[in-house]
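Novice: Right, I'll just put the structure down here and ask away after.
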Amino acid sequence: MDAIVAEELQKRYKAVQALDGVSFSVREGEVFGLLGPNGAGKSTTVRVLTTLTQPDSGRAVVAGEDVVRHPNRVRRAIGYVAQDSGVDWEATGRENLLLQGRIHGMAGPPLHARVDELLGLLGLTDAADRVARGYSGGMKRRLDIALGLVHRPRVLFLDEPTTGLDPEARVAMWVEVERLAAEEGLTILLTTHYLEEADRLAERVAIVSRGRIVVEGRPDELKAGLRGESVTVELDETDHRAGEAAEVVRALADTSEVKVEGHHVRARVPNGAQAIPAILSALDGRGFPVAAVTTARPSLDDVYLHYPGREFAMEDEEGKQ
Amino acid sequence: MIQTVRQTGWMVVRQARNLMREPIWIAMMVIQPMIWLLLYGQLFSKVAPLRGGASSYIEFLTPGIVCMNAFFGGSWSGMAMISDLDRHVIDRFLAAPASRLAIVLSQVVRAGVTAILQAMILLVVGYILGVRVHGGVLGFLVVFAAAFLLATVFAGFSHGVALLLRREASMIATANFVGLPLMFLSSILIGAALMPGWIKGVSRFNPVNWGVQAARNAVVFDGPWGPTAVYLLLLLAATAATSGFATWSFRAYQRSI
């Protein structure tokens, strides 16, 4: 059975078409990653699925309930950890959790026991009775996750769970999510713009760009879908003719998807070891000083760059405004 | 319904507890009303006609200052909503089965309860300065009701504005713009008999003045209770109206996200 079904979701905010026909489904017990840059529509998708935002059209069913027709039934079944922490700074960790439980209709000893359990699970027992204002970023984030879990939801939404965390806290968060998925049998929908994160945590990912799902599948399938390897040629830093060098590479027989990034030229080839001599001799023949050459098997990074391509960089700029 | 009442209770507890953790806020809540009372009490104490039938100006002034605090407190209470919006606490509640009404009502009720506490402090300070509540137990209840209702009338308005503007600077400007004129268009500081005709006319429609009249009847005059009850009912109606406005603004906020 599918825990989340989104069909042709559309949402427009004044001049911006935030969602332009988003469709996907997540199976029960699965960890699903929505991947894309800021402003692509990931958060809006999550806000529709968590009943915060009404879609203009389309349909979404979460935990068997329609988000528009029965929002309160959906709310009881889901946990939502928003991109921006929703922790009440002036309350202690325990007070935050108790109130959240009460909103979900929990009370008495079972509520207190659950709160103690979560504080322990997320390593907040020692800080439980301190005001959250003094928590570190990682602690606030773990409290956010605990807030999303108090009522034992069936589906958990994690919107950019590691944004703003230092690398150490990020890895700790990954371990946490992996354990939740394994032990609590939760369905988890995770959004992220870190490929590494989606690659590590998600069983399936969908790449979102400009309010649409561009591609969807298991990370290894997506990587396999990119035949061949990538070759990156680094030109001497003093040389500013990367664009011309790219033209030379593009003219070769086996190269595709040639891109320029600073003084790097990237290309996709069927076989790196065979392609490198031809690339080098072509560049050398035209007098381009090559500083280094690397080849790599496809990573989710390449999937990310392959599908929406250069649009991403532009969108990221828009997203920041 | 029961769920809404229960959730409102828990959310009032949350806000009250959070405020209790702000030492400056507590100091302001306790000291500011006393400063008003002592400052204005001294300033106008020699002007006999001001006191309009009361035995001393401080007796005349005390119910006025109770009301002034209540409506100022209410006017500023929307700041808490802006802070909750900024911290995304409201969104967290919205994605949970929290009663929408409880989210708004709890903030309004909290403003009202704060006003009652301040009224108690003011009556104690007043007592030390010789002010007696001539209306007895009923008089105390009327003063607390007036303080509670005045605070909720303006808290409803303040939250409605906060949810529409969602910015602290705009909120401060609005609170000042509305608050000070309403204070001077009421009989907080001087009796109605001394007001220019047009101010007297306008003050009849000023909710602040309804509260002041009710509280003053209770403290200074021991009635009449009929008109006092009418003032309180008018305040109740105004609270319903402004809370309705706040709820409508809350829906507008939800539609905008």
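By order in the structure tokens, chains are A, B, ...; within a chain, residues start at 1; ligands start at 1, following the order shown.
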Just want the 8 Å neighbourhood of Ala127 in chain A, counted on only C-alpha atoms, with same-chain residues fewer than 3 positions away dropped. Output as a list in words.

Specialist: Gly93, Leu124 and Arg130 of chain A

Novice: Would you write out those residues with C-alpha atoms, as a PDB file, in the first residue's frame?

Specialist:
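Okay, this is what ended up in result-v6.pdb:
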```
ATOM      1  CA  GLY A  93      12.623  20.455  25.728  1.00  0.00           C
ATOM      2  CA  LEU A 124      18.297  15.053  25.062  1.00  0.00           C
ATOM      3  CA  ARG A 130      16.671  23.400  30.203  1.00  0.00           C
TER       4      ARG A 130
END
```

Novice: What residues in range 74-312 of chain A get the DSSP label alpha helix (DSSP H)? Please answer as a PyMOL selection string.

Specialist: chain A and resi 74-77+93-103+108-121+137-149+167-183+195-201+219-225+242-251+272-285+300-306+311-312

Novice: Using only C-alpha atoms, which protein or nucleic acid residues come within 10 Å of Gly137 in chain A? Drop anything in the same chain fewer than 5 positions from it, and give the result as an NGL selection string.

Specialist: :A and (85 or 142-143 or 162 or 164-166 or 169)

Novice: Hey, can you check how far CA of Ala15 in chain A sits from CA of Arg167 in chain B?

Specialist: 22.4 Å

Novice: CA of Ala173 in chain B and CA of Phe154 in chain B, how far apart in Å?

Specialist: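 We find that CA of Phe154 in chain B and CA of Ala173 in chain B lie 14.8 Å from each other.
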
Novice: Give me, as JSON lines, each residue of chain A that comes within 10 Å of chain B, together with its shortest interatomic pair and the distance in Å at one decimal, counting only C-alpha atoms, with rows ordered by chain and rising residue number.

Specialist:
```
{"residue": "A:Tyr13", "atom": "CA", "partner": "B:Ser256", "partner_atom": "CA", "distance": 8.3}
{"residue": "A:Thr44", "atom": "CA", "partner": "B:Ile257", "partner_atom": "CA", "distance": 9.0}
{"residue": "A:Arg47", "atom": "CA", "partner": "B:Ile257", "partner_atom": "CA", "distance": 8.6}
{"residue": "A:Val48", "atom": "CA", "partner": "B:Ile257", "partner_atom": "CA", "distance": 9.9}
{"residue": "A:Leu49", "atom": "CA", "partner": "B:Ala95", "partner_atom": "CA", "distance": 9.7}
{"residue": "A:Thr50", "atom": "CA", "partner": "B:Ala95", "partner_atom": "CA", "distance": 5.9}
{"residue": "A:Thr51", "atom": "CA", "partner": "B:Ala95", "partner_atom": "CA", "distance": 6.4}
{"residue": "A:Leu52", "atom": "CA", "partner": "B:Ala95", "partner_atom": "CA", "distance": 6.0}
{"residue": "A:Thr53", "atom": "CA", "partner": "B:Ile257", "partner_atom": "CA", "distance": 5.9}
{"residue": "A:Gln54", "atom": "CA", "partner": "B:Arg255", "partner_atom": "CA", "distance": 7.5}
{"residue": "A:Pro71", "atom": "CA", "partner": "B:Pro97", "partner_atom": "CA", "distance": 8.4}
{"residue": "A:Asn72", "atom": "CA", "partner": "B:Pro97", "partner_atom": "CA", "distance": 5.6}
{"residue": "A:Arg73", "atom": "CA", "partner": "B:Pro97", "partner_atom": "CA", "distance": 8.1}
{"residue": "A:Val74", "atom": "CA", "partner": "B:Pro97", "partner_atom": "CA", "distance": 8.7}
{"residue": "A:Arg75", "atom": "CA", "partner": "B:Ala96", "partner_atom": "CA", "distance": 5.1}
{"residue": "A:Arg76", "atom": "CA", "partner": "B:Pro97", "partner_atom": "CA", "distance": 6.2}
{"residue": "A:Ala77", "atom": "CA", "partner": "B:Ala96", "partner_atom": "CA", "distance": 9.1}
{"residue": "A:Ile78", "atom": "CA", "partner": "B:Ala96", "partner_atom": "CA", "distance": 8.0}
{"residue": "A:Gly79", "atom": "CA", "partner": "B:Ala96", "partner_atom": "CA", "distance": 7.8}
{"residue": "A:Tyr80", "atom": "CA", "partner": "B:Ala95", "partner_atom": "CA", "distance": 6.8}
{"residue": "A:Val81", "atom": "CA", "partner": "B:Arg92", "partner_atom": "CA", "distance": 8.0}
{"residue": "A:Ala82", "atom": "CA", "partner": "B:Arg92", "partner_atom": "CA", "distance": 7.7}
{"residue": "A:Gln83", "atom": "CA", "partner": "B:His88", "partner_atom": "CA", "distance": 9.6}
{"residue": "A:Asp84", "atom": "CA", "partner": "B:His88", "partner_atom": "CA", "distance": 6.8}
{"residue": "A:Ser85", "atom": "CA", "partner": "B:His88", "partner_atom": "CA", "distance": 6.6}
{"residue": "A:Gly86", "atom": "CA", "partner": "B:Val89", "partner_atom": "CA", "distance": 4.6}
{"residue": "A:Val87", "atom": "CA", "partner": "B:Val89", "partner_atom": "CA", "distance": 6.3}
{"residue": "A:Asp88", "atom": "CA", "partner": "B:Val89", "partner_atom": "CA", "distance": 6.2}
{"residue": "A:Trp89", "atom": "CA", "partner": "B:Arg87", "partner_atom": "CA", "distance": 8.1}
{"residue": "A:Glu90", "atom": "CA", "partner": "B:Asn18", "partner_atom": "CA", "distance": 5.3}
{"residue": "A:Ala91", "atom": "CA", "partner": "B:Asn18", "partner_atom": "CA", "distance": 6.3}
{"residue": "A:Thr92", "atom": "CA", "partner": "B:Asn18", "partner_atom": "CA", "distance": 9.6}
{"residue": "A:Glu95", "atom": "CA", "partner": "B:Arg14", "partner_atom": "CA", "distance": 8.2}
{"residue": "A:Asn96", "atom": "CA", "partner": "B:Arg14", "partner_atom": "CA", "distance": 8.9}
{"residue": "A:Leu98", "atom": "CA", "partner": "B:Trp10", "partner_atom": "CA", "distance": 9.8}
{"residue": "A:Leu99", "atom": "CA", "partner": "B:Trp10", "partner_atom": "CA", "distance": 7.0}
{"residue": "A:Gln100", "atom": "CA", "partner": "B:Phe93", "partner_atom": "CA", "distance": 7.8}
{"residue": "A:Gly101", "atom": "CA", "partner": "B:Ala96", "partner_atom": "CA", "distance": 9.7}
{"residue": "A:Arg102", "atom": "CA", "partner": "B:Gln7", "partner_atom": "CA", "distance": 7.6}
{"residue": "A:Ile103", "atom": "CA", "partner": "B:Ala98", "partner_atom": "CA", "distance": 5.5}
{"residue": "A:His104", "atom": "CA", "partner": "B:Pro97", "partner_atom": "CA", "distance": 6.2}
{"residue": "A:Gly105", "atom": "CA", "partner": "B:Gln3", "partner_atom": "CA", "distance": 8.1}
{"residue": "A:Val131", "atom": "CA", "partner": "B:Arg21", "partner_atom": "CA", "distance": 9.4}
{"residue": "A:Asp144", "atom": "CA", "partner": "B:Arg92", "partner_atom": "CA", "distance": 9.5}
{"residue": "A:Leu147", "atom": "CA", "partner": "B:Arg92", "partner_atom": "CA", "distance": 8.9}
{"residue": "A:Gly148", "atom": "CA", "partner": "B:Arg92", "partner_atom": "CA", "distance": 8.9}
{"residue": "A:His151", "atom": "CA", "partner": "B:Ala96", "partner_atom": "CA", "distance": 10.0}
```

Novice: Selection from above, N, CA and C atoms, as a tab-separated table (two decimals), in the first residue's frame, can you write it?

Specialist:
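The resulting file, out_31.tsv, is shown below:
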```tsv
chain	number	residue	atom	x	y	z
A	13	TYR	N	1.86	30.86	-6.32
A	13	TYR	CA	1.94	32.02	-5.42
A	13	TYR	C	2.18	33.24	-6.28
A	44	THR	N	7.17	23.28	-0.83
A	44	THR	CA	5.75	23.48	-1.12
A	44	THR	C	5.05	22.13	-1.20
A	47	ARG	N	4.51	20.97	2.22
A	47	ARG	CA	3.47	21.76	2.90
A	47	ARG	C	2.07	21.35	2.44
A	48	VAL	N	1.95	20.95	1.20
A	48	VAL	CA	0.65	20.46	0.73
A	48	VAL	C	0.35	19.11	1.40
A	49	LEU	N	1.34	18.25	1.44
A	49	LEU	CA	1.13	16.90	1.98
A	49	LEU	C	0.88	16.93	3.49
A	50	THR	N	1.37	17.98	4.18
A	50	THR	CA	1.16	18.07	5.62
A	50	THR	C	-0.03	18.97	5.96
A	51	THR	N	-0.85	19.31	4.97
A	51	THR	CA	-2.09	20.08	5.12
A	51	THR	C	-1.87	21.56	5.43
A	52	LEU	N	-0.63	22.03	5.40
A	52	LEU	CA	-0.41	23.45	5.71
A	52	LEU	C	-0.86	24.34	4.58
A	53	THR	N	-0.71	23.85	3.36
A	53	THR	CA	-1.02	24.63	2.18
A	53	THR	C	-2.05	23.88	1.35
A	54	GLN	N	-3.03	24.62	0.83
A	54	GLN	CA	-4.02	23.99	-0.04
A	54	GLN	C	-3.52	24.02	-1.48
A	71	PRO	N	-8.26	16.95	6.51
A	71	PRO	CA	-6.93	17.38	6.98
A	71	PRO	C	-6.62	16.92	8.41
A	72	ASN	N	-7.63	16.93	9.28
A	72	ASN	CA	-7.31	16.55	10.67
A	72	ASN	C	-6.94	15.08	10.80
A	73	ARG	N	-7.55	14.23	9.95
A	73	ARG	CA	-7.16	12.81	9.99
A	73	ARG	C	-5.72	12.65	9.53
A	74	VAL	N	-5.35	13.43	8.51
A	74	VAL	CA	-3.97	13.37	8.03
A	74	VAL	C	-3.03	13.84	9.13
A	75	ARG	N	-3.40	14.96	9.79
A	75	ARG	CA	-2.53	15.53	10.83
A	75	ARG	C	-2.28	14.55	11.96
A	76	ARG	N	-3.28	13.74	12.28
A	76	ARG	CA	-3.09	12.78	13.37
A	76	ARG	C	-2.12	11.67	12.97
A	77	ALA	N	-2.01	11.42	11.68
A	77	ALA	CA	-1.21	10.28	11.22
A	77	ALA	C	0.23	10.65	10.87
A	78	ILE	N	0.50	11.96	10.80
A	78	ILE	CA	1.82	12.37	10.31
A	78	ILE	C	2.63	13.11	11.37
A	79	GLY	N	3.94	13.07	11.19
A	79	GLY	CA	4.83	13.94	11.94
A	79	GLY	C	5.50	14.86	10.93
A	80	TYR	N	5.63	16.12	11.29
A	80	TYR	CA	6.20	17.08	10.33
A	80	TYR	C	7.37	17.80	10.98
A	81	VAL	N	8.53	17.64	10.41
A	81	VAL	CA	9.71	18.37	10.89
A	81	VAL	C	10.05	19.38	9.80
A	82	ALA	N	9.67	20.63	10.06
A	82	ALA	CA	9.79	21.66	9.02
A	82	ALA	C	11.24	22.05	8.80
A	83	GLN	N	11.43	22.71	7.67
A	83	GLN	CA	12.77	23.20	7.32
A	83	GLN	C	13.29	24.16	8.39
A	84	ASP	N	12.39	25.02	8.85
A	84	ASP	CA	12.77	25.95	9.93
A	84	ASP	C	12.29	25.35	11.24
A	85	SER	N	13.16	25.31	12.21
A	85	SER	CA	12.82	24.72	13.49
A	85	SER	C	11.55	25.35	14.06
A	86	GLY	N	10.66	24.52	14.58
A	86	GLY	CA	9.44	25.03	15.21
A	86	GLY	C	9.50	24.95	16.71
A	87	VAL	N	10.73	24.86	17.25
A	87	VAL	CA	10.90	24.75	18.69
A	87	VAL	C	10.50	26.07	19.37
A	88	ASP	N	9.78	25.96	20.47
A	88	ASP	CA	9.46	27.11	21.30
A	88	ASP	C	10.69	27.39	22.17
A	89	TRP	N	11.36	28.48	21.88
A	89	TRP	CA	12.66	28.76	22.52
A	89	TRP	C	12.56	28.98	24.02
A	90	GLU	N	11.44	29.52	24.46
A	90	GLU	CA	11.34	29.88	25.88
A	90	GLU	C	10.89	28.72	26.74
A	91	ALA	N	10.54	27.60	26.11
A	91	ALA	CA	10.10	26.43	26.88
A	91	ALA	C	11.22	25.41	26.91
A	92	THR	N	11.19	24.52	27.90
A	92	THR	CA	12.20	23.47	27.97
A	92	THR	C	11.88	22.41	26.92
A	95	GLU	N	8.88	20.50	28.07
A	95	GLU	CA	7.62	21.24	27.93
A	95	GLU	C	7.16	21.30	26.47
A	96	ASN	N	8.12	21.50	25.57
A	96	ASN	CA	7.80	21.47	24.15
A	96	ASN	C	7.12	20.17	23.77
A	98	LEU	N	5.70	17.86	25.77
A	98	LEU	CA	4.43	17.59	26.45
A	98	LEU	C	3.28	18.32	25.75
A	99	LEU	N	3.51	19.59	25.38
A	99	LEU	CA	2.44	20.34	24.72
A	99	LEU	C	2.09	19.71	23.37
A	100	GLN	N	3.13	19.33	22.63
A	100	GLN	CA	2.88	18.71	21.32
A	100	GLN	C	2.05	17.43	21.49
A	101	GLY	N	2.40	16.63	22.51
A	101	GLY	CA	1.63	15.41	22.78
A	101	GLY	C	0.19	15.73	23.13
A	102	ARG	N	0.00	16.78	23.93
A	102	ARG	CA	-1.36	17.15	24.34
A	102	ARG	C	-2.18	17.61	23.15
A	103	ILE	N	-1.54	18.32	22.22
A	103	ILE	CA	-2.26	18.73	21.01
A	103	ILE	C	-2.73	17.50	20.25
A	104	HIS	N	-1.95	16.43	20.36
A	104	HIS	CA	-2.34	15.19	19.69
A	104	HIS	C	-3.27	14.35	20.56
A	105	GLY	N	-3.75	14.94	21.66
A	105	GLY	CA	-4.73	14.25	22.48
A	105	GLY	C	-4.14	13.24	23.45
A	131	VAL	N	15.81	25.40	29.16
A	131	VAL	CA	15.06	26.16	28.15
A	131	VAL	C	15.76	26.01	26.79
A	144	ASP	N	13.25	18.99	17.33
A	144	ASP	CA	12.25	19.07	16.26
A	144	ASP	C	11.80	17.68	15.83
A	147	LEU	N	9.65	16.20	18.38
A	147	LEU	CA	8.30	16.81	18.32
A	147	LEU	C	7.46	16.15	17.22
A	148	GLY	N	8.12	15.76	16.15
A	148	GLY	CA	7.40	15.12	15.05
A	148	GLY	C	7.04	13.67	15.35
A	151	HIS	N	3.58	11.46	18.90
A	151	HIS	CA	2.32	10.72	18.81
A	151	HIS	C	2.45	9.45	17.99
```

Novice: Check the smallest atom-to-atom distance from each of B:Ala54, B:Leu37, B:Val5, B:Met195 to Gln118 in chain B using only C-alpha atoms, then report the winner.

Specialist: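 Among the listed residues, the smallest separation from Gln118 in chain B belongs to B:Leu37.
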
Novice: Got a sec: who's within 6 Å of Val219 in chain B, counting only C-alpha atoms, leaving out chain neighbours fewer than 6 positions off, as a list in words?

Specialist: Val133, His134 and Gly135 of chain B

Novice: Between CA of Val131 in chain B and CA of Pro63 in chain B, what is the distance in Å, rounded to a tenth?

Specialist: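 Taking CA of Val131 in chain B and CA of Pro63 in chain B, their separation equals 10.0 Å.
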
Novice: Which one is closest to Arg266 in chain A: A:Arg12, A:Asp254, A:Ser230, A:Leu235? Count only C-alpha atoms.

Specialist: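 Using only C-alpha atoms, Arg266 in chain A sits closest to A:Ser230.
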
Novice: Compile the contact shell of Arg114 in chain A as a list in words: residues with an atom at most 10 Å away, counting only C-alpha atoms, same-chain residues fewer than 3 positions apart removed.

Specialist: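 Answer for this query is Leu97, Leu98, Gly101, Met106, Pro109, Pro110, Leu111, Glu117, Leu118, Leu119, Gly120, Leu149, Val150, His151 and Arg152 of chain A.
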
Novice: Within 8 Å of range 245-247 of chain A, counting only C-alpha atoms, which residues show up once you throw out same-chain ones fewer than 3 positions away? Write them as a VMD selection string, please.

Specialist: chain A and resid 241 to 242 250 to 251 258 to 260 265 283 288

Novice: Write to file, as a short mmCIF file (atom, residue, chain, number, x, y, z; two decimals), in the first residue's frame, the residues of the selection just made, with C-alpha atoms.

Specialist:
```
data_model
loop_
_atom_site.label_atom_id
_atom_site.label_comp_id
_atom_site.auth_asym_id
_atom_site.auth_seq_id
_atom_site.Cartn_x
_atom_site.Cartn_y
_atom_site.Cartn_z
CA ARG A 241 39.78 29.92 -22.47
CA ALA A 242 37.78 27.14 -20.84
CA ARG A 250 32.68 18.82 -27.78
CA ALA A 251 33.98 18.30 -31.33
CA VAL A 258 30.21 19.03 -22.18
CA LYS A 259 30.01 21.71 -19.49
CA VAL A 260 32.29 24.47 -18.24
CA VAL A 265 35.66 21.25 -18.48
CA LEU A 283 43.67 20.05 -26.29
CA PHE A 288 45.59 24.52 -24.04
#
```

Novice: Which polymer residues have any atom within 7 Å of an atom of range 107-111 of chain B, counting only C-alpha atoms, with same-chain residues fewer than 2 positions away left out, as a PyMOL selection string?

Specialist: chain B and resi 12+16+73-74+77+103-105+113-115+151-152+155-156

Novice: Using only N, CA and C atoms, please write the residues we just selected to a file, as a PDB file, in the first residue's frame.

Specialist:
```pdb
ATOM      1  N   VAL B  12      -2.478  28.667  26.899  1.00  0.00           N
ATOM      2  CA  VAL B  12      -2.362  29.800  27.828  1.00  0.00           C
ATOM      3  C   VAL B  12      -1.243  29.501  28.825  1.00  0.00           C
ATOM      4  N   ALA B  16       1.985  31.853  29.401  1.00  0.00           N
ATOM      5  CA  ALA B  16       2.198  32.446  30.721  1.00  0.00           C
ATOM      6  C   ALA B  16       3.555  32.009  31.265  1.00  0.00           C
ATOM      7  N   GLY B  73      -1.828  46.730  27.423  1.00  0.00           N
ATOM      8  CA  GLY B  73      -1.334  45.340  27.401  1.00  0.00           C
ATOM      9  C   GLY B  73      -1.946  44.567  26.249  1.00  0.00           C
ATOM     10  N   GLY B  74      -3.252  44.732  26.076  1.00  0.00           N
ATOM     11  CA  GLY B  74      -3.937  44.057  24.969  1.00  0.00           C
ATOM     12  C   GLY B  74      -3.403  44.510  23.622  1.00  0.00           C
ATOM     13  N   SER B  77      -0.193  42.860  22.755  1.00  0.00           N
ATOM     14  CA  SER B  77      -0.072  41.408  22.907  1.00  0.00           C
ATOM     15  C   SER B  77       0.168  40.684  21.582  1.00  0.00           C
ATOM     16  N   ILE B 103      -5.542  28.373  19.051  1.00  0.00           N
ATOM     17  CA  ILE B 103      -4.283  29.089  18.811  1.00  0.00           C
ATOM     18  C   ILE B 103      -4.505  30.591  18.997  1.00  0.00           C
ATOM     19  N   VAL B 104      -5.605  31.108  18.451  1.00  0.00           N
ATOM     20  CA  VAL B 104      -5.886  32.541  18.548  1.00  0.00           C
ATOM     21  C   VAL B 104      -6.424  32.896  19.944  1.00  0.00           C
ATOM     22  N   LEU B 105      -7.420  32.103  20.395  1.00  0.00           N
ATOM     23  CA  LEU B 105      -8.063  32.435  21.668  1.00  0.00           C
ATOM     24  C   LEU B 105      -7.087  32.420  22.838  1.00  0.00           C
ATOM     25  N   VAL B 113      -5.901  37.602  31.245  1.00  0.00           N
ATOM     26  CA  VAL B 113      -5.462  37.139  32.563  1.00  0.00           C
ATOM     27  C   VAL B 113      -4.357  38.057  33.098  1.00  0.00           C
ATOM     28  N   THR B 114      -3.451  38.461  32.201  1.00  0.00           N
ATOM     29  CA  THR B 114      -2.394  39.390  32.607  1.00  0.00           C
ATOM     30  C   THR B 114      -3.003  40.683  33.147  1.00  0.00           C
ATOM     31  N   ALA B 115      -4.040  41.164  32.470  1.00  0.00           N
ATOM     32  CA  ALA B 115      -4.687  42.417  32.895  1.00  0.00           C
ATOM     33  C   ALA B 115      -5.306  42.263  34.281  1.00  0.00           C
ATOM     34  N   ALA B 151      -8.736  44.171  27.924  1.00  0.00           N
ATOM     35  CA  ALA B 151      -7.511  43.574  27.381  1.00  0.00           C
ATOM     36  C   ALA B 151      -7.844  42.663  26.212  1.00  0.00           C
ATOM     37  N   THR B 152      -8.934  41.890  26.326  1.00  0.00           N
ATOM     38  CA  THR B 152      -9.244  40.956  25.238  1.00  0.00           C
ATOM     39  C   THR B 152      -9.760  41.686  23.999  1.00  0.00           C
ATOM     40  N   ALA B 155      -6.601  42.862  22.511  1.00  0.00           N
ATOM     41  CA  ALA B 155      -5.762  41.733  22.104  1.00  0.00           C
ATOM     42  C   ALA B 155      -6.294  41.132  20.806  1.00  0.00           C
ATOM     43  N   GLY B 156      -7.614  41.049  20.690  1.00  0.00           N
ATOM     44  CA  GLY B 156      -8.204  40.536  19.450  1.00  0.00           C
ATOM     45  C   GLY B 156      -7.804  41.412  18.278  1.00  0.00           C
TER      46      GLY B 156
END
```

Novice: Which of these residues is nearest to Val124 in chain B, using only C-alpha atoms: B:Ser158, B:Asn176, B:Met34, B:Val153?

Specialist: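 Of B:Ser158, B:Asn176, B:Met34, B:Val153, the one nearest Val124 in chain B, counting only C-alpha atoms, is B:Met34.
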
Novice: From the set A:Glu7, A:Glu229, A:Glu197, A:Asp126, which residue has the shortest atom-to-atom contact distance to Asn271 in chain A, counting only C-alpha atoms?

Specialist: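 Looking at the shortest contact to Asn271 in chain A, the residue is A:Glu229.
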